[in-house]
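Structure below is my_file_36.pdb: PDB, C-alpha atoms.
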ATOM      1  CA  MET A 229     -14.253   4.307  15.468
ATOM      2  CA  GLY A 230     -16.912   3.700  12.823
ATOM      3  CA  MET A 231     -17.534   1.485   9.811
ATOM      4  CA  TYR A 232     -18.877   3.180   6.695
ATOM      5  CA  THR A 233     -20.501   1.431   3.723
ATOM      6  CA  ILE A 234     -21.210   2.646   0.202
ATOM      7  CA  GLN A 235     -22.337   0.694  -2.834
ATOM      8  CA  ASN A 236     -23.546   0.995  -6.394
ATOM      9  CA  GLU A 237     -25.204  -1.557  -8.667
ATOM     10  CA  GLU A 238     -21.944  -3.487  -9.043
ATOM     11  CA  ILE A 239     -19.831  -3.340  -5.890
ATOM     12  CA  CYS A 240     -19.991  -2.579  -2.172
ATOM     13  CA  ILE A 241     -17.132  -1.405   0.046
ATOM     14  CA  LYS A 242     -16.647  -0.924   3.776
ATOM     15  CA  VAL A 243     -14.130   1.477   5.290
ATOM     16  CA  ASN A 244     -13.108   1.678   8.950
ATOM     17  CA  SER A 245     -12.479   5.209  10.230
ATOM     18  CA  PHE A 246      -9.600   3.771  12.275
ATOM     19  CA  GLY A 247      -6.777   4.120   9.782
ATOM     20  CA  ALA A 248      -9.343   5.003   7.090
ATOM     21  CA  GLU A 249      -8.797   1.372   6.104
ATOM     22  CA  LEU A 250     -10.673  -0.337   3.287
ATOM     23  CA  THR A 251     -11.832  -3.585   4.906
ATOM     24  CA  SER A 252     -14.224  -5.083   2.344
ATOM     25  CA  LEU A 253     -14.816  -5.092  -1.404
ATOM     26  CA  GLN A 254     -17.717  -7.249  -2.525
ATOM     27  CA  ASP A 255     -19.488  -7.995  -5.763
ATOM     28  CA  VAL A 256     -23.082  -6.953  -5.052
ATOM     29  CA  ASN A 257     -24.613  -9.691  -7.188
ATOM     30  CA  THR A 258     -22.434 -12.694  -6.325
ATOM     31  CA  LYS A 259     -21.510 -11.563  -2.769
ATOM     32  CA  ARG A 260     -17.944 -12.614  -3.517
ATOM     33  CA  GLU A 261     -15.415 -10.906  -1.217
ATOM     34  CA  TYR A 262     -12.087  -9.721  -2.643
ATOM     35  CA  MET A 263     -10.323  -8.270   0.424
ATOM     36  CA  TRP A 264      -8.373 -10.187   3.052
ATOM     37  CA  SER A 265     -10.258 -10.658   6.340
ATOM     38  CA  ALA A 266      -7.473  -9.419   8.690
ATOM     39  CA  ASP A 267      -7.323 -12.791  10.433
ATOM     40  CA  PRO A 268      -4.389 -12.278  12.852
ATOM     41  CA  THR A 269      -3.289 -15.874  12.287
ATOM     42  CA  TYR A 270      -1.621 -14.535   9.159
ATOM     43  CA  TRP A 271      -1.851 -10.718   9.250
ATOM     44  CA  LYS A 272      -4.111  -8.501  11.335
ATOM     45  CA  ARG A 273      -4.621  -5.791   8.698
ATOM     46  CA  THR A 274      -6.448  -5.505   5.397
ATOM     47  CA  SER A 275      -5.429  -2.279   3.652
ATOM     48  CA  PRO A 276      -3.427   0.086   5.885
ATOM     49  CA  ILE A 277      -2.203   3.475   4.711
ATOM     50  CA  LEU A 278       1.581   3.865   4.998
ATOM     51  CA  PHE A 279       2.408   7.413   6.119
ATOM     52  CA  PRO A 280       4.626   9.332   6.698
ATOM     53  CA  PHE A 281       7.029   6.441   6.017
ATOM     54  CA  VAL A 282       6.927   3.385   3.805
ATOM     55  CA  GLY A 283       8.878   0.420   5.098
ATOM     56  CA  GLY A 284      11.455   0.336   7.858
ATOM     57  CA  LEU A 285      14.146   2.829   8.823
ATOM     58  CA  LYS A 286      17.740   2.027   9.600
ATOM     59  CA  ASN A 287      18.043   1.501  13.365
ATOM     60  CA  LYS A 288      14.290   2.309  13.489
ATOM     61  CA  GLU A 289      15.040   6.031  13.523
ATOM     62  CA  TYR A 290      15.671   9.022  11.271
ATOM     63  CA  SER A 291      17.417  12.371  11.610
ATOM     64  CA  TYR A 292      16.089  15.825  10.778
ATOM     65  CA  GLU A 293      17.859  19.130  11.476
ATOM     66  CA  GLY A 294      20.316  17.435  13.772
ATOM     67  CA  LYS A 295      17.723  15.633  15.912
ATOM     68  CA  THR A 296      17.019  11.906  15.908
ATOM     69  CA  TYR A 297      13.448  10.585  16.001
ATOM     70  CA  PRO A 298      12.380   6.965  16.567
ATOM     71  CA  MET A 299       9.891   5.606  14.040
ATOM     72  CA  SER A 300       8.234   2.244  13.574
ATOM     73  CA  GLN A 301       7.807   0.530  10.217
ATOM     74  CA  HIS A 302       5.315   2.230   7.862
ATOM     75  CA  GLY A 303       4.759   5.259  10.104
ATOM     76  CA  PHE A 304       1.785   5.947  12.363
ATOM     77  CA  ALA A 305      -1.257   6.936  10.267
ATOM     78  CA  ARG A 306      -2.512   3.355   9.982
ATOM     79  CA  ASP A 307      -2.997   3.289  13.760
ATOM     80  CA  MET A 308      -4.865   6.572  14.142
ATOM     81  CA  GLU A 309      -8.523   7.577  14.023
ATOM     82  CA  PHE A 310      -9.524   9.539  10.918
ATOM     83  CA  GLN A 311     -12.488  11.888  10.745
ATOM     84  CA  LEU A 312     -15.175  11.403   8.112
ATOM     85  CA  ILE A 313     -15.403  14.719   6.239
ATOM     86  CA  GLU A 314     -17.628  13.759   3.297
ATOM     87  CA  GLN A 315     -20.024  10.956   2.444
ATOM     88  CA  THR A 316     -22.187  10.598  -0.663
ATOM     89  CA  ALA A 317     -23.807   7.601  -2.316
ATOM     90  CA  SER A 318     -20.572   6.821  -4.157
ATOM     91  CA  LYS A 319     -17.798   8.548  -2.195
ATOM     92  CA  LEU A 320     -16.144   8.657   1.240
ATOM     93  CA  LEU A 321     -13.498  11.149   2.386
ATOM     94  CA  PHE A 322     -11.515  10.872   5.633
ATOM     95  CA  ALA A 323      -8.981  13.290   7.143
ATOM     96  CA  LEU A 324      -6.148  13.003   9.642
ATOM     97  CA  GLU A 325      -4.619  16.132  11.173
ATOM     98  CA  SER A 326      -1.275  16.395  12.911
ATOM     99  CA  ASP A 327      -1.469  16.936  16.670
ATOM    100  CA  GLU A 328       0.824  17.206  19.684
ATOM    101  CA  GLU A 329       1.377  13.455  19.666
ATOM    102  CA  THR A 330       2.397  13.243  16.000
ATOM    103  CA  LEU A 331       4.619  16.326  16.280
ATOM    104  CA  GLN A 332       6.697  14.586  18.946
ATOM    105  CA  LYS A 333       7.748  11.876  16.469
ATOM    106  CA  TYR A 334       7.273  13.661  13.132
ATOM    107  CA  PRO A 335       7.991  17.419  13.334
ATOM    108  CA  PHE A 336       5.650  18.628  10.597
ATOM    109  CA  ALA A 337       2.111  20.001  10.701
ATOM    110  CA  PHE A 338       0.100  18.194   8.046
ATOM    111  CA  GLN A 339      -3.314  17.126   6.835
ATOM    112  CA  LEU A 340      -3.777  13.716   5.210
ATOM    113  CA  ILE A 341      -6.983  13.056   3.233
ATOM    114  CA  LEU A 342      -7.980   9.573   2.055
ATOM    115  CA  GLY A 343     -10.807   9.078  -0.403
ATOM    116  CA  TYR A 344     -12.763   6.142  -1.816
ATOM    117  CA  GLU A 345     -15.007   6.543  -4.859
ATOM    118  CA  LEU A 346     -17.041   3.912  -6.712
ATOM    119  CA  LYS A 347     -17.256   3.898 -10.504
ATOM    120  CA  GLY A 348     -18.834   0.789 -11.985
ATOM    121  CA  ARG A 349     -16.723  -2.193 -10.886
ATOM    122  CA  LYS A 350     -13.850   0.055  -9.807
ATOM    123  CA  VAL A 351     -12.795   1.640  -6.499
ATOM    124  CA  ILE A 352     -10.695   4.772  -6.891
ATOM    125  CA  VAL A 353      -8.473   5.319  -3.851
ATOM    126  CA  SER A 354      -7.179   8.896  -3.541
ATOM    127  CA  TRP A 355      -4.505  10.400  -1.298
ATOM    128  CA  GLN A 356      -3.902  14.063  -0.571
ATOM    129  CA  VAL A 357      -1.134  15.415   1.654
ATOM    130  CA  ASN A 358      -1.237  19.087   2.671
ATOM    131  CA  ASN A 359       1.753  20.828   4.236
ATOM    132  CA  LYS A 360       0.356  22.939   7.077
ATOM    133  CA  ASP A 361       3.768  23.863   8.442
ATOM    134  CA  GLN A 362       5.975  26.910   7.941
ATOM    135  CA  LYS A 363       8.835  24.838   6.535
ATOM    136  CA  LYS A 364       9.421  22.282   3.814
ATOM    137  CA  MET A 365       7.874  18.934   4.693
ATOM    138  CA  TYR A 366       9.323  15.501   3.876
ATOM    139  CA  PHE A 367       7.231  12.354   3.654
ATOM    140  CA  ALA A 368       6.574   9.012   2.006
ATOM    141  CA  ILE A 369       3.173   7.463   1.372
ATOM    142  CA  GLY A 370       1.968   4.088   0.174
ATOM    143  CA  GLY A 371      -0.848   1.582   0.061
ATOM    144  CA  HIS A 372      -0.858  -1.966   1.407
ATOM    145  CA  PRO A 373      -4.128  -3.590   0.216
ATOM    146  CA  ALA A 374      -4.370  -7.350   0.694
ATOM    147  CA  PHE A 375      -6.493  -9.331  -1.760
ATOM    148  CA  LEU A 376      -7.727 -12.881  -1.526
ATOM    149  CA  CYS A 377      -5.538 -15.260  -3.496
ATOM    150  CA  PRO A 378      -6.835 -17.833  -4.103
ATOM    151  CA  ILE A 379     -10.186 -16.142  -4.704
ATOM    152  CA  ASP A 380     -11.756 -19.603  -5.015
ATOM    153  CA  PRO A 381     -11.377 -21.502  -1.715
ATOM    154  CA  ASP A 382     -11.237 -24.786  -3.636
ATOM    155  CA  LYS A 383      -8.053 -23.705  -5.419
ATOM    156  CA  LYS A 384      -4.439 -23.302  -4.321
ATOM    157  CA  GLN A 385      -2.479 -20.065  -4.493
ATOM    158  CA  THR A 386       0.000 -21.806  -6.784
ATOM    159  CA  ASP A 387      -2.804 -22.187  -9.352
ATOM    160  CA  TYR A 388      -2.633 -18.408  -9.882
ATOM    161  CA  GLU A 389      -0.419 -15.926 -11.701
ATOM    162  CA  ILE A 390       0.457 -12.259 -11.232
ATOM    163  CA  TYR A 391       0.176 -10.276 -14.448
ATOM    164  CA  PHE A 392       2.572  -7.368 -15.028
ATOM    165  CA  GLY A 393       2.230  -6.998 -18.799
ATOM    166  CA  THR A 394       5.964  -6.793 -19.476
ATOM    167  CA  ASP A 395       8.665  -9.215 -20.625
ATOM    168  CA  GLU A 396      10.415  -9.274 -17.266
ATOM    169  CA  ILE A 397      10.329  -7.720 -13.811
ATOM    170  CA  THR A 398      13.382  -6.761 -11.766
ATOM    171  CA  SER A 399      12.877  -6.895  -8.008
ATOM    172  CA  SER A 400      15.102  -5.160  -5.494
ATOM    173  CA  MET A 401      15.604  -7.340  -2.430
ATOM    174  CA  ILE A 402      14.860  -6.710   1.239
ATOM    175  CA  GLY A 403      17.325  -8.344   3.632
ATOM    176  CA  GLU A 404      16.755 -10.019   6.983
ATOM    177  CA  SER A 405      17.200  -6.594   8.577
ATOM    178  CA  GLY A 406      14.049  -5.384   6.798
ATOM    179  CA  LEU A 407      16.187  -2.936   4.830
ATOM    180  CA  MET A 408      17.082  -2.790   1.152
ATOM    181  CA  THR A 409      20.098  -4.740  -0.050
ATOM    182  CA  THR A 410      22.058  -4.238  -3.260
ATOM    183  CA  GLU A 411      20.809  -7.590  -4.584
ATOM    184  CA  LYS A 412      18.288  -7.758  -7.412
ATOM    185  CA  ILE A 413      16.388 -10.646  -8.961
ATOM    186  CA  VAL A 414      15.160 -10.644 -12.540
ATOM    187  CA  TYR A 415      11.939 -12.589 -13.133
ATOM    188  CA  PRO A 416      11.320 -13.553 -16.781
ATOM    189  CA  LEU A 417       7.576 -13.430 -17.499
ATOM    190  CA  GLN A 418       5.483 -15.769 -19.615
ATOM    191  CA  ASP A 419       2.962 -13.762 -21.639
ATOM    192  CA  GLY A 420       3.452 -10.931 -19.130
ATOM    193  CA  ALA A 421       2.720 -13.076 -16.082
ATOM    194  CA  LEU A 422       4.615 -14.572 -13.152
ATOM    195  CA  SER A 423       3.479 -17.855 -11.590
ATOM    196  CA  VAL A 424       2.842 -17.792  -7.850
ATOM    197  CA  THR A 425       5.190 -20.349  -6.331
ATOM    198  CA  GLU A 426       5.461 -21.531  -2.747
ATOM    199  CA  ASP A 427       8.807 -19.756  -2.310
ATOM    200  CA  LEU A 428       7.999 -16.505  -4.151
ATOM    201  CA  PHE A 429       7.940 -14.462  -0.924
ATOM    202  CA  GLU A 430      10.563 -16.330   1.065
ATOM    203  CA  HIS A 431      12.766 -13.196   1.049
ATOM    204  CA  ASP A 432       9.911 -10.812   1.969
ATOM    205  CA  ALA A 433       8.313  -8.453  -0.548
ATOM    206  CA  LEU A 434       9.183  -8.065  -4.189
ATOM    207  CA  VAL A 435      10.121  -4.384  -4.589
ATOM    208  CA  ILE A 436       9.583  -3.190  -8.158
ATOM    209  CA  GLU A 437      11.239   0.189  -8.720
ATOM    210  CA  HIS A 438      11.549   2.701 -11.561
ATOM    211  CA  ASN A 439       8.109   2.590 -13.217
ATOM    212  CA  GLN A 440       8.466  -0.924 -14.610
ATOM    213  CA  THR A 441       4.679  -1.191 -14.925
ATOM    214  CA  GLN A 442       1.577   0.720 -13.834
ATOM    215  CA  LYS A 443      -0.870  -2.182 -13.732
ATOM    216  CA  VAL A 444      -0.845  -5.468 -11.827
ATOM    217  CA  ALA A 445      -3.543  -8.138 -12.008
ATOM    218  CA  PHE A 446      -4.242 -11.527 -10.473
ATOM    219  CA  LEU A 447      -5.025 -14.278 -12.972
ATOM    220  CA  ASP A 448      -7.074 -17.290 -11.938
ATOM    221  CA  GLU A 449      -6.444 -20.905 -12.941
ATOM    222  CA  ASN A 450      -7.952 -20.133 -16.372
ATOM    223  CA  GLU A 451      -5.512 -17.227 -16.851
ATOM    224  CA  MET A 452      -8.374 -14.755 -16.560
ATOM    225  CA  PRO A 453      -7.920 -11.551 -14.522
ATOM    226  CA  TYR A 454     -10.217 -11.286 -11.509
ATOM    227  CA  LEU A 455      -8.690  -8.187  -9.853
ATOM    228  CA  THR A 456      -6.522  -5.391 -11.241
ATOM    229  CA  VAL A 457      -4.693  -2.568  -9.457
ATOM    230  CA  SER A 458      -3.723   0.430 -11.624
ATOM    231  CA  PHE A 459      -1.457   3.264 -10.415
ATOM    232  CA  ASP A 460       1.115   5.860 -11.415
ATOM    233  CA  ALA A 461       3.425   5.236  -8.453
ATOM    234  CA  PRO A 462       7.138   5.006  -9.350
ATOM    235  CA  LEU A 463       7.554   1.808  -7.350
ATOM    236  CA  PHE A 464       5.414  -0.846  -5.721
ATOM    237  CA  GLY A 465       5.589  -3.958  -3.593
ATOM    238  CA  ILE A 466       4.124  -7.435  -3.977
ATOM    239  CA  TRP A 467       3.919  -9.210  -0.616
ATOM    240  CA  SER A 468       2.528 -12.129   1.289
ATOM    241  CA  PRO A 469       3.848 -13.239   4.702
ATOM    242  CA  PRO A 470       6.920 -15.453   4.195
ATOM    243  CA  HIS A 471       6.676 -19.126   5.125
ATOM    244  CA  LYS A 472       2.996 -18.901   6.153
ATOM    245  CA  ASN A 473       1.125 -20.001   3.006
ATOM    246  CA  ALA A 474      -1.247 -17.101   3.691
ATOM    247  CA  PRO A 475      -4.335 -16.964   1.430
ATOM    248  CA  PHE A 476      -3.760 -13.398   0.248
ATOM    249  CA  ILE A 477      -1.274 -11.271  -1.678
ATOM    250  CA  CYS A 478      -0.782  -7.510  -1.422
ATOM    251  CA  ILE A 479      -0.307  -5.159  -4.368
ATOM    252  CA  GLU A 480       1.205  -1.992  -2.865
ATOM    253  CA  PRO A 481       1.623   1.296  -4.779
ATOM    254  CA  TRP A 482       4.405   3.292  -3.108
ATOM    255  CA  TYR A 483       5.866   6.780  -3.140
ATOM    256  CA  GLY A 484       8.809   5.857  -0.935
ATOM    257  CA  ARG A 485      10.341   2.725   0.535
ATOM    258  CA  CYS A 486      12.510   1.383   3.351
ATOM    259  CA  ASP A 487      16.055   2.567   3.927
ATOM    260  CA  ALA A 488      18.974   0.771   2.334
ATOM    261  CA  GLU A 489      21.225  -1.234   4.630
ATOM    262  CA  ASP A 490      24.111   1.172   3.962
ATOM    263  CA  PHE A 491      22.063   4.396   4.291
ATOM    264  CA  GLU A 492      23.730   7.052   6.462
ATOM    265  CA  GLY A 493      21.847  10.208   5.495
ATOM    266  CA  ASN A 494      19.135  12.400   6.979
ATOM    267  CA  LEU A 495      15.414  12.582   6.235
ATOM    268  CA  ALA A 496      15.794  14.742   3.132
ATOM    269  CA  GLU A 497      18.383  12.336   1.695
ATOM    270  CA  ARG A 498      16.257   9.173   1.847
ATOM    271  CA  GLU A 499      15.717   7.438  -1.494
ATOM    272  CA  TRP A 500      12.307   8.102  -3.064
ATOM    273  CA  GLU A 501      11.482  10.686  -0.387
ATOM    274  CA  ASN A 502       8.902  13.345  -1.301
ATOM    275  CA  SER A 503       8.847  16.984  -0.250
ATOM    276  CA  LEU A 504       6.259  19.753  -0.078
ATOM    277  CA  GLU A 505       6.902  23.463   0.176
ATOM    278  CA  VAL A 506       4.911  25.595   2.631
ATOM    279  CA  ASN A 507       1.176  25.351   1.753
ATOM    280  CA  GLY A 508       2.041  22.696  -0.834
ATOM    281  CA  THR A 509      -0.272  19.815  -1.762
ATOM    282  CA  PHE A 510       0.492  16.311  -3.021
ATOM    283  CA  LYS A 511      -2.297  14.404  -4.783
ATOM    284  CA  THR A 512      -2.414  10.965  -6.337
ATOM    285  CA  LYS A 513      -4.698   7.960  -6.687
ATOM    286  CA  TYR A 514      -4.864   4.323  -7.659
ATOM    287  CA  SER A 515      -7.730   2.047  -8.594
ATOM    288  CA  ILE A 516      -8.906  -1.476  -7.789
ATOM    289  CA  SER A 517     -11.042  -3.116 -10.486
ATOM    290  CA  ILE A 518     -12.908  -6.422 -10.294
TER     291      ILE A 518
END
Please lay out the structure from this file as structure tokens.
Amino acid sequence: MGMYTIQNEEICIKVNSFGAELTSLQDVNTKREYMWSADPTYWKRTSPILFPFVGGLKNKEYSYEGKTYPMSQHGFARDMEFQLIEQTASKLLFALESDEETLQKYPFAFQLILGYELKGRKVIVSWQVNNKDQKKMYFAIGGHPAFLCPIDPDKKQTDYEIYFGTDEITSSMIGESGLMTTEKIVYPLQDGALSVTEDLFEHDALVIEHNQTQKVAFLDENEMPYLTVSFDAPLFGIWSPPHKNAPFICIEPWYGRCDAEDFEGNLAEREWENSLEVNGTFKTKYSISI
């Protein structure tokens, strides 16, 4: 396990090789921190990678070619050691390879590459999935970065807004089972923004499906953006631990999500599931700007 640091004239980041997890994003000049500290009082992580599943599975298991495999929420990559494969003044690349342990619970040979690159006041987070198997591979992948909100310790979270840049946002709802229900909530937005209320996350994450927006920002008490996440993911989550008044909110680009409560299919039939042919490669990225 190692901690790796890169910086430019504007920002500095730290990445832990365990989970290839971004643990710090600081303004070089003001020393202001933007990432959650992973205080286990609220949540012990900062920015885990979700792979090869996003969210929970029905009965905590899935089926593939007639066999059933147990699987915990969000998969296993976040709890594995990645290898540093490239480091420059502005870039870090980490890789995770399938092994005998992963093949027991996920029957595909794969390579997962996570990258972090600095450009001005922006961090570009890249994901690459390579199918190393001799059969079609199925997977989901997602981010789970947690950002300080409030960013000013003298303010309350309810002083802030989440900017989506649309007239309204429709959220699919996660039930007490941790699985997707058929219920949806429509949030009308004021000038593209949603106020953070004390009960906003009482039903777990907001799940925003079907490309409703590709940019989410936090607005401070002066309605000025202090952090923006941009992505091309078809769905994303907005989350903070329910009933904890935790001082952070996650903006989570996803290519996949939890099972629906009534799901009865196999791995290939999961909603939002991705597939790769033999020797296929999946690439995408998102950015965090301050």
Practice task
To verify the selection step, state as JSON, numbers by chain which residues the PyMOL selection byres ((chain A and resi 492-494) around 9) yields on this input.
Solution key: {"A": [286, 290, 291, 292, 293, 294, 488, 489, 490, 491, 495, 496, 497, 498]}
Grab the residues selected above and save them as a short mmCIF file (atom, residue, chain, number, x, y, z; two decimals), keeping the file's coordinate frame with C-alpha atoms.
data_model
loop_
_atom_site.label_atom_id
_atom_site.label_comp_id
_atom_site.auth_asym_id
_atom_site.auth_seq_id
_atom_site.Cartn_x
_atom_site.Cartn_y
_atom_site.Cartn_z
CA LYS A 286 17.74 2.03 9.60
CA TYR A 290 15.67 9.02 11.27
CA SER A 291 17.42 12.37 11.61
CA TYR A 292 16.09 15.82 10.78
CA GLU A 293 17.86 19.13 11.48
CA GLY A 294 20.32 17.43 13.77
CA ALA A 488 18.97 0.77 2.33
CA GLU A 489 21.22 -1.23 4.63
CA ASP A 490 24.11 1.17 3.96
CA PHE A 491 22.06 4.40 4.29
CA LEU A 495 15.41 12.58 6.24
CA ALA A 496 15.79 14.74 3.13
CA GLU A 497 18.38 12.34 1.70
CA ARG A 498 16.26 9.17 1.85
#
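Going from atom CA of A:Asn507 to atom CA of A:Lys360 covers 5.9 Å.
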Determine, for each residue of stretch 311-398 of chain A having at least one atom at most 9 Å from an atom of stretch 265-285 of chain A, the closest pair of atoms and their separation in Å to one decimal, counting only C-alpha atoms; order by chain and ascending number, as CSV.
residue,atom,partner,partner_atom,distance
A:Tyr334,CA,A:Pro280,CA,8.2
A:Leu340,CA,A:Phe279,CA,8.9
A:Leu342,CA,A:Ile277,CA,8.8
A:Tyr366,CA,A:Pro280,CA,8.3
A:Phe367,CA,A:Pro280,CA,5.0
A:Ala368,CA,A:Phe281,CA,4.8
A:Ile369,CA,A:Phe279,CA,4.8
A:Gly370,CA,A:Leu278,CA,4.8
A:Gly371,CA,A:Ile277,CA,5.2
A:His372,CA,A:Ser275,CA,5.1
A:Pro373,CA,A:Ser275,CA,3.9
A:Ala374,CA,A:Thr274,CA,5.5
A:Phe375,CA,A:Thr274,CA,8.1
A:Leu376,CA,A:Ser265,CA,8.6
Practice task
Apply the PyMOL selection byres ((chain A and resi 435) around 10) to the structure shown and report the selected residues as a ChimeraX atom specification.
Solution key: /A:397-402,408,412-413,432-434,436-437,463-467,480,482,485
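Nearest residue to A:Lys443 among A:Phe304, A:Tyr262, A:Tyr514, A:Tyr483 is A:Tyr514, counting only C-alpha atoms.
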Render stretch 304-354 of chain A from the structure in the preceding block as a file of C-alpha atoms, as a PDB file, in the first residue's frame.
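Dumped to out_21.pdb:
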ATOM      1  CA  PHE A 304     -14.506  -5.955  -4.866  1.00  0.00           C
ATOM      2  CA  ALA A 305     -12.060  -3.623  -6.656  1.00  0.00           C
ATOM      3  CA  ARG A 306     -12.331  -0.918  -3.994  1.00  0.00           C
ATOM      4  CA  ASP A 307     -10.832  -3.342  -1.465  1.00  0.00           C
ATOM      5  CA  MET A 308      -7.875  -4.539  -3.523  1.00  0.00           C
ATOM      6  CA  GLU A 309      -4.305  -3.340  -3.992  1.00  0.00           C
ATOM      7  CA  PHE A 310      -3.604  -1.743  -7.377  1.00  0.00           C
ATOM      8  CA  GLN A 311      -0.176  -1.545  -8.970  1.00  0.00           C
ATOM      9  CA  LEU A 312       1.265   1.802 -10.023  1.00  0.00           C
ATOM     10  CA  ILE A 313       2.130   1.442 -13.721  1.00  0.00           C
ATOM     11  CA  GLU A 314       2.900   5.056 -14.660  1.00  0.00           C
ATOM     12  CA  GLN A 315       3.757   8.261 -12.837  1.00  0.00           C
ATOM     13  CA  THR A 316       4.643  11.638 -14.344  1.00  0.00           C
ATOM     14  CA  ALA A 317       4.510  15.163 -12.967  1.00  0.00           C
ATOM     15  CA  SER A 318       0.829  15.422 -13.887  1.00  0.00           C
ATOM     16  CA  LYS A 319      -0.432  11.841 -14.217  1.00  0.00           C
ATOM     17  CA  LEU A 320      -0.863   8.598 -12.259  1.00  0.00           C
ATOM     18  CA  LEU A 321      -1.969   5.239 -13.682  1.00  0.00           C
ATOM     19  CA  PHE A 322      -2.886   2.187 -11.585  1.00  0.00           C
ATOM     20  CA  ALA A 323      -3.815  -1.338 -12.706  1.00  0.00           C
ATOM     21  CA  LEU A 324      -5.705  -4.239 -11.168  1.00  0.00           C
ATOM     22  CA  GLU A 325      -5.479  -7.708 -12.715  1.00  0.00           C
ATOM     23  CA  SER A 326      -7.841 -10.599 -12.135  1.00  0.00           C
ATOM     24  CA  ASP A 327      -6.385 -13.468 -10.110  1.00  0.00           C
ATOM     25  CA  GLU A 328      -7.446 -16.791  -8.609  1.00  0.00           C
ATOM     26  CA  GLU A 329      -9.303 -15.003  -5.829  1.00  0.00           C
ATOM     27  CA  THR A 330     -11.344 -12.751  -8.129  1.00  0.00           C
ATOM     28  CA  LEU A 331     -12.111 -15.623 -10.514  1.00  0.00           C
ATOM     29  CA  GLN A 332     -13.812 -17.515  -7.690  1.00  0.00           C
ATOM     30  CA  LYS A 333     -16.444 -14.771  -7.332  1.00  0.00           C
ATOM     31  CA  TYR A 334     -16.341 -13.154 -10.783  1.00  0.00           C
ATOM     32  CA  PRO A 335     -15.552 -15.652 -13.580  1.00  0.00           C
ATOM     33  CA  PHE A 336     -13.833 -13.303 -16.020  1.00  0.00           C
ATOM     34  CA  ALA A 337     -10.170 -12.514 -16.637  1.00  0.00           C
ATOM     35  CA  PHE A 338      -9.813  -8.743 -16.768  1.00  0.00           C
ATOM     36  CA  GLN A 339      -7.529  -5.761 -16.390  1.00  0.00           C
ATOM     37  CA  LEU A 340      -8.828  -2.557 -14.800  1.00  0.00           C
ATOM     38  CA  ILE A 341      -6.801   0.655 -15.245  1.00  0.00           C
ATOM     39  CA  LEU A 342      -7.524   3.823 -13.257  1.00  0.00           C
ATOM     40  CA  GLY A 343      -5.912   7.115 -14.175  1.00  0.00           C
ATOM     41  CA  TYR A 344      -5.656  10.589 -12.657  1.00  0.00           C
ATOM     42  CA  GLU A 345      -4.403  13.548 -14.690  1.00  0.00           C
ATOM     43  CA  LEU A 346      -4.094  17.205 -13.678  1.00  0.00           C
ATOM     44  CA  LYS A 347      -5.007  19.999 -16.084  1.00  0.00           C
ATOM     45  CA  GLY A 348      -5.167  23.444 -14.516  1.00  0.00           C
ATOM     46  CA  ARG A 349      -7.802  23.318 -11.759  1.00  0.00           C
ATOM     47  CA  LYS A 350      -9.217  20.036 -13.063  1.00  0.00           C
ATOM     48  CA  VAL A 351      -8.618  16.356 -12.246  1.00  0.00           C
ATOM     49  CA  ILE A 352      -9.454  13.991 -15.090  1.00  0.00           C
ATOM     50  CA  VAL A 353     -10.343  10.532 -13.775  1.00  0.00           C
ATOM     51  CA  SER A 354     -10.099   7.794 -16.422  1.00  0.00           C
TER      52      SER A 354
END
